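Raw data.cif, mmCIF, C-alpha atoms, pLDDT in the B column; chains and numbers go by the auth columns:
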```cif
data_model
#
loop_
_atom_site.group_PDB
_atom_site.id
_atom_site.type_symbol
_atom_site.label_atom_id
_atom_site.label_comp_id
_atom_site.label_asym_id
_atom_site.label_seq_id
_atom_site.Cartn_x
_atom_site.Cartn_y
_atom_site.Cartn_z
_atom_site.B_iso_or_equiv
_atom_site.auth_seq_id
_atom_site.auth_asym_id
ATOM 1 C CA MET A 1 -13.272 -10.764 -7.956 37.00 1 A
ATOM 2 C CA LYS A 2 -14.636 -11.689 -4.570 40.00 2 A
ATOM 3 C CA LYS A 3 -17.487 -9.168 -4.307 42.00 3 A
ATOM 4 C CA GLU A 4 -19.466 -7.517 -7.088 48.00 4 A
ATOM 5 C CA ASN A 5 -19.311 -4.050 -5.511 52.00 5 A
ATOM 6 C CA LYS A 6 -15.538 -4.214 -5.283 67.00 6 A
ATOM 7 C CA LYS A 7 -14.287 -2.845 -8.562 91.00 7 A
ATOM 8 C CA ASN A 8 -10.732 -1.884 -7.577 97.00 8 A
ATOM 9 C CA ILE A 9 -7.703 -3.785 -6.302 98.00 9 A
ATOM 10 C CA ILE A 10 -5.907 -2.048 -3.437 98.00 10 A
ATOM 11 C CA LEU A 11 -2.341 -3.078 -2.616 98.00 11 A
ATOM 12 C CA THR A 12 -1.020 -2.539 0.912 98.00 12 A
ATOM 13 C CA GLY A 13 2.209 -3.508 2.604 97.00 13 A
ATOM 14 C CA MET A 14 5.484 -2.236 3.946 95.00 14 A
ATOM 15 C CA PRO A 15 7.620 0.229 2.003 91.00 15 A
ATOM 16 C CA GLY A 16 9.714 -1.841 -0.392 89.00 16 A
ATOM 17 C CA ALA A 17 7.116 -4.642 -0.630 94.00 17 A
ATOM 18 C CA GLY A 18 6.661 -3.978 -4.348 94.00 18 A
ATOM 19 C CA LYS A 19 3.197 -2.397 -4.335 97.00 19 A
ATOM 20 C CA SER A 20 3.914 -0.040 -7.243 96.00 20 A
ATOM 21 C CA THR A 21 5.848 -2.596 -9.282 96.00 21 A
ATOM 22 C CA VAL A 22 3.275 -5.356 -8.785 98.00 22 A
ATOM 23 C CA GLY A 23 0.496 -2.819 -9.298 98.00 23 A
ATOM 24 C CA VAL A 24 1.648 -1.707 -12.743 98.00 24 A
ATOM 25 C CA VAL A 25 2.091 -5.283 -13.974 98.00 25 A
ATOM 26 C CA LEU A 26 -1.201 -6.436 -12.445 98.00 26 A
ATOM 27 C CA ALA A 27 -3.102 -3.503 -13.985 98.00 27 A
ATOM 28 C CA LYS A 28 -1.783 -4.419 -17.441 97.00 28 A
ATOM 29 C CA ARG A 29 -2.693 -8.076 -16.946 95.00 29 A
ATOM 30 C CA VAL A 30 -6.276 -7.452 -15.796 95.00 30 A
ATOM 31 C CA GLY A 31 -6.971 -4.423 -18.018 96.00 31 A
ATOM 32 C CA TYR A 32 -7.294 -1.911 -15.177 97.00 32 A
ATOM 33 C CA HIS A 33 -5.788 1.550 -14.741 98.00 33 A
ATOM 34 C CA PHE A 34 -3.006 2.069 -12.193 98.00 34 A
ATOM 35 C CA ILE A 35 -2.650 4.747 -9.556 98.00 35 A
ATOM 36 C CA ASP A 36 -0.055 5.257 -6.824 97.00 36 A
ATOM 37 C CA SER A 37 -1.712 7.072 -3.913 97.00 37 A
ATOM 38 C CA ASP A 38 1.642 8.527 -2.787 95.00 38 A
ATOM 39 C CA LEU A 39 1.865 10.288 -6.146 96.00 39 A
ATOM 40 C CA VAL A 40 -1.703 11.558 -5.739 97.00 40 A
ATOM 41 C CA ILE A 41 -0.704 13.037 -2.360 97.00 41 A
ATOM 42 C CA GLN A 42 2.311 14.717 -3.960 97.00 42 A
ATOM 43 C CA GLU A 43 0.235 16.063 -6.859 97.00 43 A
ATOM 44 C CA ARG A 44 -2.493 17.456 -4.585 97.00 44 A
ATOM 45 C CA THR A 45 -0.082 19.082 -2.126 97.00 45 A
ATOM 46 C CA GLY A 46 2.724 20.079 -4.480 97.00 46 A
ATOM 47 C CA LYS A 47 5.232 18.574 -2.029 96.00 47 A
ATOM 48 C CA LEU A 48 7.280 15.388 -1.788 93.00 48 A
ATOM 49 C CA LEU A 49 6.318 12.986 1.004 90.00 49 A
ATOM 50 C CA HIS A 50 9.393 13.681 3.118 87.00 50 A
ATOM 51 C CA GLN A 51 8.738 17.437 2.744 92.00 51 A
ATOM 52 C CA LEU A 52 5.185 16.962 4.008 93.00 52 A
ATOM 53 C CA ILE A 53 6.513 15.077 7.044 91.00 53 A
ATOM 54 C CA GLU A 54 9.086 17.844 7.684 91.00 54 A
ATOM 55 C CA ILE A 55 6.473 20.623 7.344 95.00 55 A
ATOM 56 C CA HIS A 56 3.452 19.045 9.051 96.00 56 A
ATOM 57 C CA GLY A 57 5.061 16.457 11.330 93.00 57 A
ATOM 58 C CA LEU A 58 4.137 12.786 11.327 93.00 58 A
ATOM 59 C CA GLU A 59 0.578 13.283 12.592 95.00 59 A
ATOM 60 C CA GLY A 60 -0.081 16.044 10.051 97.00 60 A
ATOM 61 C CA PHE A 61 1.221 13.895 7.229 96.00 61 A
ATOM 62 C CA LEU A 62 -0.899 10.928 8.324 96.00 62 A
ATOM 63 C CA HIS A 63 -3.968 13.191 8.358 97.00 63 A
ATOM 64 C CA ILE A 64 -3.242 14.349 4.791 97.00 64 A
ATOM 65 C CA GLU A 65 -2.661 10.761 3.675 97.00 65 A
ATOM 66 C CA ASP A 66 -5.900 9.627 5.317 98.00 66 A
ATOM 67 C CA GLN A 67 -7.916 12.396 3.642 98.00 67 A
ATOM 68 C CA VAL A 68 -6.441 11.824 0.183 98.00 68 A
ATOM 69 C CA ASN A 69 -6.954 8.051 0.278 98.00 69 A
ATOM 70 C CA ALA A 70 -10.481 8.450 1.667 98.00 70 A
ATOM 71 C CA SER A 71 -11.301 10.723 -1.291 97.00 71 A
ATOM 72 C CA LEU A 72 -10.146 8.405 -4.088 97.00 72 A
ATOM 73 C CA ASP A 73 -13.021 8.000 -6.519 94.00 73 A
ATOM 74 C CA CYS A 74 -12.156 5.440 -9.157 95.00 74 A
ATOM 75 C CA ASP A 75 -13.403 2.285 -10.818 95.00 75 A
ATOM 76 C CA ARG A 76 -11.349 -0.557 -12.286 97.00 76 A
ATOM 77 C CA TYR A 77 -8.047 0.644 -10.851 98.00 77 A
ATOM 78 C CA VAL A 78 -5.148 -1.081 -9.174 98.00 78 A
ATOM 79 C CA ILE A 79 -4.251 1.279 -6.331 98.00 79 A
ATOM 80 C CA ALA A 80 -0.791 1.100 -4.753 98.00 80 A
ATOM 81 C CA THR A 81 -1.047 2.745 -1.338 98.00 81 A
ATOM 82 C CA GLY A 82 1.643 4.187 0.861 94.00 82 A
ATOM 83 C CA GLY A 83 2.867 1.921 3.631 93.00 83 A
ATOM 84 C CA SER A 84 1.328 4.101 6.342 95.00 84 A
ATOM 85 C CA VAL A 85 -2.198 4.104 4.859 97.00 85 A
ATOM 86 C CA VAL A 86 -3.243 1.528 7.477 97.00 86 A
ATOM 87 C CA TYR A 87 -3.050 4.199 10.200 97.00 87 A
ATOM 88 C CA GLY A 88 -5.963 6.064 8.591 96.00 88 A
ATOM 89 C CA ARG A 89 -9.357 4.718 9.601 96.00 89 A
ATOM 90 C CA ALA A 90 -11.310 6.841 7.085 97.00 90 A
ATOM 91 C CA ALA A 91 -8.999 5.762 4.274 98.00 91 A
ATOM 92 C CA MET A 92 -9.135 2.067 5.128 98.00 92 A
ATOM 93 C CA ASP A 93 -12.919 2.078 5.510 97.00 93 A
ATOM 94 C CA HIS A 94 -13.264 3.828 2.134 97.00 94 A
ATOM 95 C CA LEU A 95 -10.759 1.541 0.397 98.00 95 A
ATOM 96 C CA ALA A 96 -12.566 -1.524 1.779 97.00 96 A
ATOM 97 C CA ASP A 97 -15.806 -0.157 0.294 96.00 97 A
ATOM 98 C CA ILE A 98 -14.372 0.468 -3.179 97.00 98 A
ATOM 99 C CA GLY A 99 -12.117 -2.528 -3.644 97.00 99 A
ATOM 100 C CA THR A 100 -10.464 -5.736 -2.603 97.00 100 A
ATOM 101 C CA ILE A 101 -7.559 -5.054 -0.241 98.00 101 A
ATOM 102 C CA VAL A 102 -4.455 -7.148 -0.861 98.00 102 A
ATOM 103 C CA TYR A 103 -1.579 -7.256 1.619 98.00 103 A
ATOM 104 C CA LEU A 104 1.745 -7.926 -0.126 98.00 104 A
ATOM 105 C CA LYS A 105 3.458 -9.721 2.742 98.00 105 A
ATOM 106 C CA LEU A 106 7.225 -9.937 3.014 96.00 106 A
ATOM 107 C CA SER A 107 9.448 -11.099 5.858 95.00 107 A
ATOM 108 C CA TYR A 108 11.356 -8.514 7.842 93.00 108 A
ATOM 109 C CA ARG A 109 14.598 -9.859 6.353 90.00 109 A
ATOM 110 C CA GLU A 110 13.428 -9.140 2.780 92.00 110 A
ATOM 111 C CA ILE A 111 12.086 -5.698 3.669 91.00 111 A
ATOM 112 C CA GLU A 112 15.385 -4.830 5.336 86.00 112 A
ATOM 113 C CA GLU A 113 17.320 -5.916 2.227 85.00 113 A
ATOM 114 C CA ARG A 114 15.110 -3.838 -0.103 84.00 114 A
ATOM 115 C CA LEU A 115 14.968 -0.588 1.860 82.00 115 A
ATOM 116 C CA GLY A 116 17.616 2.068 2.024 65.00 116 A
ATOM 117 C CA ASP A 117 17.321 5.198 4.137 60.00 117 A
ATOM 118 C CA LEU A 118 13.805 5.408 5.633 62.00 118 A
ATOM 119 C CA ASN A 119 13.795 9.209 5.741 56.00 119 A
ATOM 120 C CA ALA A 120 14.941 9.648 2.135 56.00 120 A
ATOM 121 C CA ARG A 121 12.098 7.376 1.015 61.00 121 A
ATOM 122 C CA GLY A 122 9.550 9.491 2.856 60.00 122 A
ATOM 123 C CA VAL A 123 8.644 6.635 5.170 76.00 123 A
ATOM 124 C CA ALA A 124 6.261 7.797 7.885 81.00 124 A
ATOM 125 C CA CYS A 125 7.847 6.766 11.155 83.00 125 A
ATOM 126 C CA LYS A 126 8.313 8.250 14.592 85.00 126 A
ATOM 127 C CA PRO A 127 11.652 9.929 15.371 82.00 127 A
ATOM 128 C CA GLY A 128 14.155 7.246 16.326 84.00 128 A
ATOM 129 C CA GLN A 129 11.824 4.414 15.295 85.00 129 A
ATOM 130 C CA THR A 130 13.649 1.403 13.867 86.00 130 A
ATOM 131 C CA LEU A 131 12.609 -0.504 10.778 88.00 131 A
ATOM 132 C CA LEU A 132 11.975 -3.564 12.953 90.00 132 A
ATOM 133 C CA SER A 133 9.633 -1.730 15.326 92.00 133 A
ATOM 134 C CA LEU A 134 7.832 -0.160 12.352 92.00 134 A
ATOM 135 C CA TYR A 135 7.449 -3.614 10.774 94.00 135 A
ATOM 136 C CA GLU A 136 6.120 -5.115 14.020 96.00 136 A
ATOM 137 C CA GLU A 137 3.684 -2.202 14.455 96.00 137 A
ATOM 138 C CA ARG A 138 2.274 -2.265 10.920 96.00 138 A
ATOM 139 C CA CYS A 139 2.051 -5.962 10.042 97.00 139 A
ATOM 140 C CA PRO A 140 -0.962 -6.670 12.298 98.00 140 A
ATOM 141 C CA LEU A 141 -2.751 -3.687 10.720 97.00 141 A
ATOM 142 C CA TYR A 142 -2.092 -4.949 7.177 98.00 142 A
ATOM 143 C CA GLU A 143 -3.408 -8.363 8.217 97.00 143 A
ATOM 144 C CA ARG A 144 -6.525 -6.879 9.850 97.00 144 A
ATOM 145 C CA TYR A 145 -7.632 -4.959 6.764 97.00 145 A
ATOM 146 C CA ALA A 146 -6.633 -7.491 4.090 98.00 146 A
ATOM 147 C CA ASP A 147 -9.164 -9.432 2.054 97.00 147 A
ATOM 148 C CA ILE A 148 -6.218 -11.363 0.567 97.00 148 A
ATOM 149 C CA VAL A 149 -2.755 -11.920 2.076 98.00 149 A
ATOM 150 C CA MET A 150 -0.212 -12.602 -0.683 97.00 150 A
ATOM 151 C CA GLU A 151 3.027 -14.196 0.509 96.00 151 A
ATOM 152 C CA CYS A 152 5.780 -12.600 -1.600 96.00 152 A
ATOM 153 C CA ASP A 153 9.065 -13.823 -0.078 95.00 153 A
ATOM 154 C CA GLY A 154 11.497 -15.017 -2.726 93.00 154 A
ATOM 155 C CA LYS A 155 8.999 -14.627 -5.578 95.00 155 A
ATOM 156 C CA PRO A 156 9.623 -12.642 -8.752 95.00 156 A
ATOM 157 C CA VAL A 157 7.024 -9.999 -9.651 95.00 157 A
ATOM 158 C CA ARG A 158 5.568 -12.128 -12.461 96.00 158 A
ATOM 159 C CA ARG A 159 4.827 -15.006 -10.078 97.00 159 A
ATOM 160 C CA VAL A 160 3.281 -12.687 -7.464 97.00 160 A
ATOM 161 C CA VAL A 161 1.017 -11.221 -10.145 97.00 161 A
ATOM 162 C CA GLU A 162 0.001 -14.661 -11.453 97.00 162 A
ATOM 163 C CA GLU A 163 -0.804 -15.928 -7.943 97.00 163 A
ATOM 164 C CA LEU A 164 -2.685 -12.742 -7.157 96.00 164 A
ATOM 165 C CA GLU A 165 -4.779 -13.056 -10.324 95.00 165 A
ATOM 166 C CA GLY A 166 -5.768 -16.548 -9.225 95.00 166 A
ATOM 167 C CA ALA A 167 -6.626 -15.398 -5.698 95.00 167 A
ATOM 168 C CA LEU A 168 -8.744 -12.532 -7.033 93.00 168 A
ATOM 169 C CA ARG A 169 -10.734 -14.915 -9.213 89.00 169 A
ATOM 170 C CA GLY A 170 -11.457 -16.867 -6.044 78.00 170 A
#
```
Same coordinates, now as structure tokens:
Amino acid sequence: MKKENKKNIILTGMPGAGKSTVGVVLAKRVGYHFIDSDLVIQERTGKLLHQLIEIHGLEGFLHIEDQVNASLDCDRYVIATGGSVVYGRAAMDHLADIGTIVYLKLSYREIEERLGDLNARGVACKPGQTLLSLYEERCPLYERYADIVMECDGKPVRRVVEELEGALRG
């Protein structure tokens, strides 16, 4: 990997970008464990993501997400983060310290095709916010924090994983 102190691979990107799918395959290929930070949030709170948003509101949910991601203590893991992780400064600083951050980049068109109902997926967005405005708001944040930007449009998971392995080797 790029830096010796970076022992994890952190996947970021929009909901539907394939973070969990790519993460599982990548973990098997490189001999790492896999963790989905959304599932960690659900396990720690005992609630589904959309329930947390309903109960605590968007800001409350983002605070919970930030705290959980900032507390991840692992080594040799592929970590699939939730799409809204980039709003949490503590989480992103911590993730940058413990791993190489990879942005799985997809065009708006592909994201739109992959996603169904934003609320049913537990997507953290403001009331009335469109997928396009969410995409335009988040993409610069993914770019800012990424050590590696992986273009994923039109690529099967296997190819994304192979290209990512090569990029991680530097």
Legend entry - Proximity to A:Leu141 - best of A:Glu59, A:Arg159, A:Leu72, A:Gly88, all atoms listed in the file: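 Closest to A:Leu141, using all atoms listed in the file: A:Gly88.
Minimum atom-to-atom distance to A:Gln67, evaluated using only C-alpha atoms, belongs to A:Val40 out of A:Arg29, A:Leu48, A:Gly23, A:Val40.
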Legend entry - Selection under test: the PyMOL selection byres ((chain A and resi 98-109) around 6); residues as a list of chain:residue names: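 Given this file, the PyMOL selection byres ((chain A and resi 98-109) around 6) evaluates to A:Lys6, A:Lys7, A:Asn8, A:Ile9, A:Ile10, A:Leu11, A:Thr12, A:Gly13, A:Leu95, A:Ala96, A:Asp97, A:Glu110, A:Ile111, A:Glu112, A:Ala146, A:Asp147, A:Ile148, A:Val149, A:Met150, A:Glu151, A:Cys152, A:Asp153.
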Selection above as a file: C-alpha atoms, as a PDB file, in the frame of the given file:
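This went into part.pdb:
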```
ATOM      1  CA  LYS A   6     -15.538  -4.214  -5.283  1.00 67.00           C
ATOM      2  CA  LYS A   7     -14.287  -2.845  -8.562  1.00 91.00           C
ATOM      3  CA  ASN A   8     -10.732  -1.884  -7.577  1.00 97.00           C
ATOM      4  CA  ILE A   9      -7.703  -3.785  -6.302  1.00 98.00           C
ATOM      5  CA  ILE A  10      -5.907  -2.048  -3.437  1.00 98.00           C
ATOM      6  CA  LEU A  11      -2.341  -3.078  -2.616  1.00 98.00           C
ATOM      7  CA  THR A  12      -1.020  -2.539   0.912  1.00 98.00           C
ATOM      8  CA  GLY A  13       2.209  -3.508   2.604  1.00 97.00           C
ATOM      9  CA  LEU A  95     -10.759   1.541   0.397  1.00 98.00           C
ATOM     10  CA  ALA A  96     -12.566  -1.524   1.779  1.00 97.00           C
ATOM     11  CA  ASP A  97     -15.806  -0.157   0.294  1.00 96.00           C
ATOM     12  CA  GLU A 110      13.428  -9.140   2.780  1.00 92.00           C
ATOM     13  CA  ILE A 111      12.086  -5.698   3.669  1.00 91.00           C
ATOM     14  CA  GLU A 112      15.385  -4.830   5.336  1.00 86.00           C
ATOM     15  CA  ALA A 146      -6.633  -7.491   4.090  1.00 98.00           C
ATOM     16  CA  ASP A 147      -9.164  -9.432   2.054  1.00 97.00           C
ATOM     17  CA  ILE A 148      -6.218 -11.363   0.567  1.00 97.00           C
ATOM     18  CA  VAL A 149      -2.755 -11.920   2.076  1.00 98.00           C
ATOM     19  CA  MET A 150      -0.212 -12.602  -0.683  1.00 97.00           C
ATOM     20  CA  GLU A 151       3.027 -14.196   0.509  1.00 96.00           C
ATOM     21  CA  CYS A 152       5.780 -12.600  -1.600  1.00 96.00           C
ATOM     22  CA  ASP A 153       9.065 -13.823  -0.078  1.00 95.00           C
TER      23      ASP A 153
END
```
Legend entry - Contacts of A:Gly83 at 9 Å (all atoms listed in the file; same-chain gap of 2+ positions) as a list of chain:residue names: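 Residues meeting the cut-off are A:Thr12, A:Gly13, A:Met14, A:Pro15, A:Gly16, A:Ala17, A:Thr81, A:Val85, A:Val86, A:Val123, A:Ala124, A:Arg138.
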Legend entry - Explicit residue set for the PyMOL selection byres ((chain A and resi 61) around 12), as a PyMOL selection string: chain A and resi 38+41-42+45+47-60+62-68+82+84-85+87-88+122-126
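Between atom CA of A:Ile35 and atom CA of A:Ile79 the separation is 5.0 Å.
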Legend entry - Option closest in space to A:Gly154, from A:Tyr135, A:Phe34, A:Ala167, A:Glu113 [counting all atoms listed in the file]: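 Looking only at the distances to A:Gly154, the closest residue turns out to be A:Glu113.
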Legend entry - Interatomic distance, atom CA of A:Gly31 to atom CA of A:Asp75 (Å, one decimal):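 Spanning atom CA of A:Gly31 to atom CA of A:Asp75 is a straight-line distance of 11.8 Å.
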Legend entry - Å distance separating atom CA of A:Arg76 from atom CA of A:Glu163, one decimal place: 19.1 Å
Legend entry - Nearest residue to A:Arg89 from the set A:Arg144, A:Lys155, A:His33, A:Lys19 (distances using only C-alpha atoms): A:Arg144
Inset, instruction - Select, from A:Ser37, A:Glu43, A:Val30, A:Leu115, the residue with the minimum atom-to-atom distance to A:Gly166, counting all atoms listed in the file. - result: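 Once distances to A:Gly166 are computed over all atoms listed in the file, the minimum belongs to A:Val30.
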Inset, instruction - Rank A:Pro140, A:Asn69, A:Tyr77, A:Gly128 by their smallest atom-to-atom distance to A:Tyr32, using all atoms listed in the file, and report the top residue only. - result: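 Checking each candidate against A:Tyr32, we get A:Tyr77 as the closest.
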Legend entry - Contact residues around A:Ser20 with all atoms listed in the file at 8 Å, ignoring same-chain residues under 3 positions, as a ChimeraX atom specification: /A:23-24,36,80
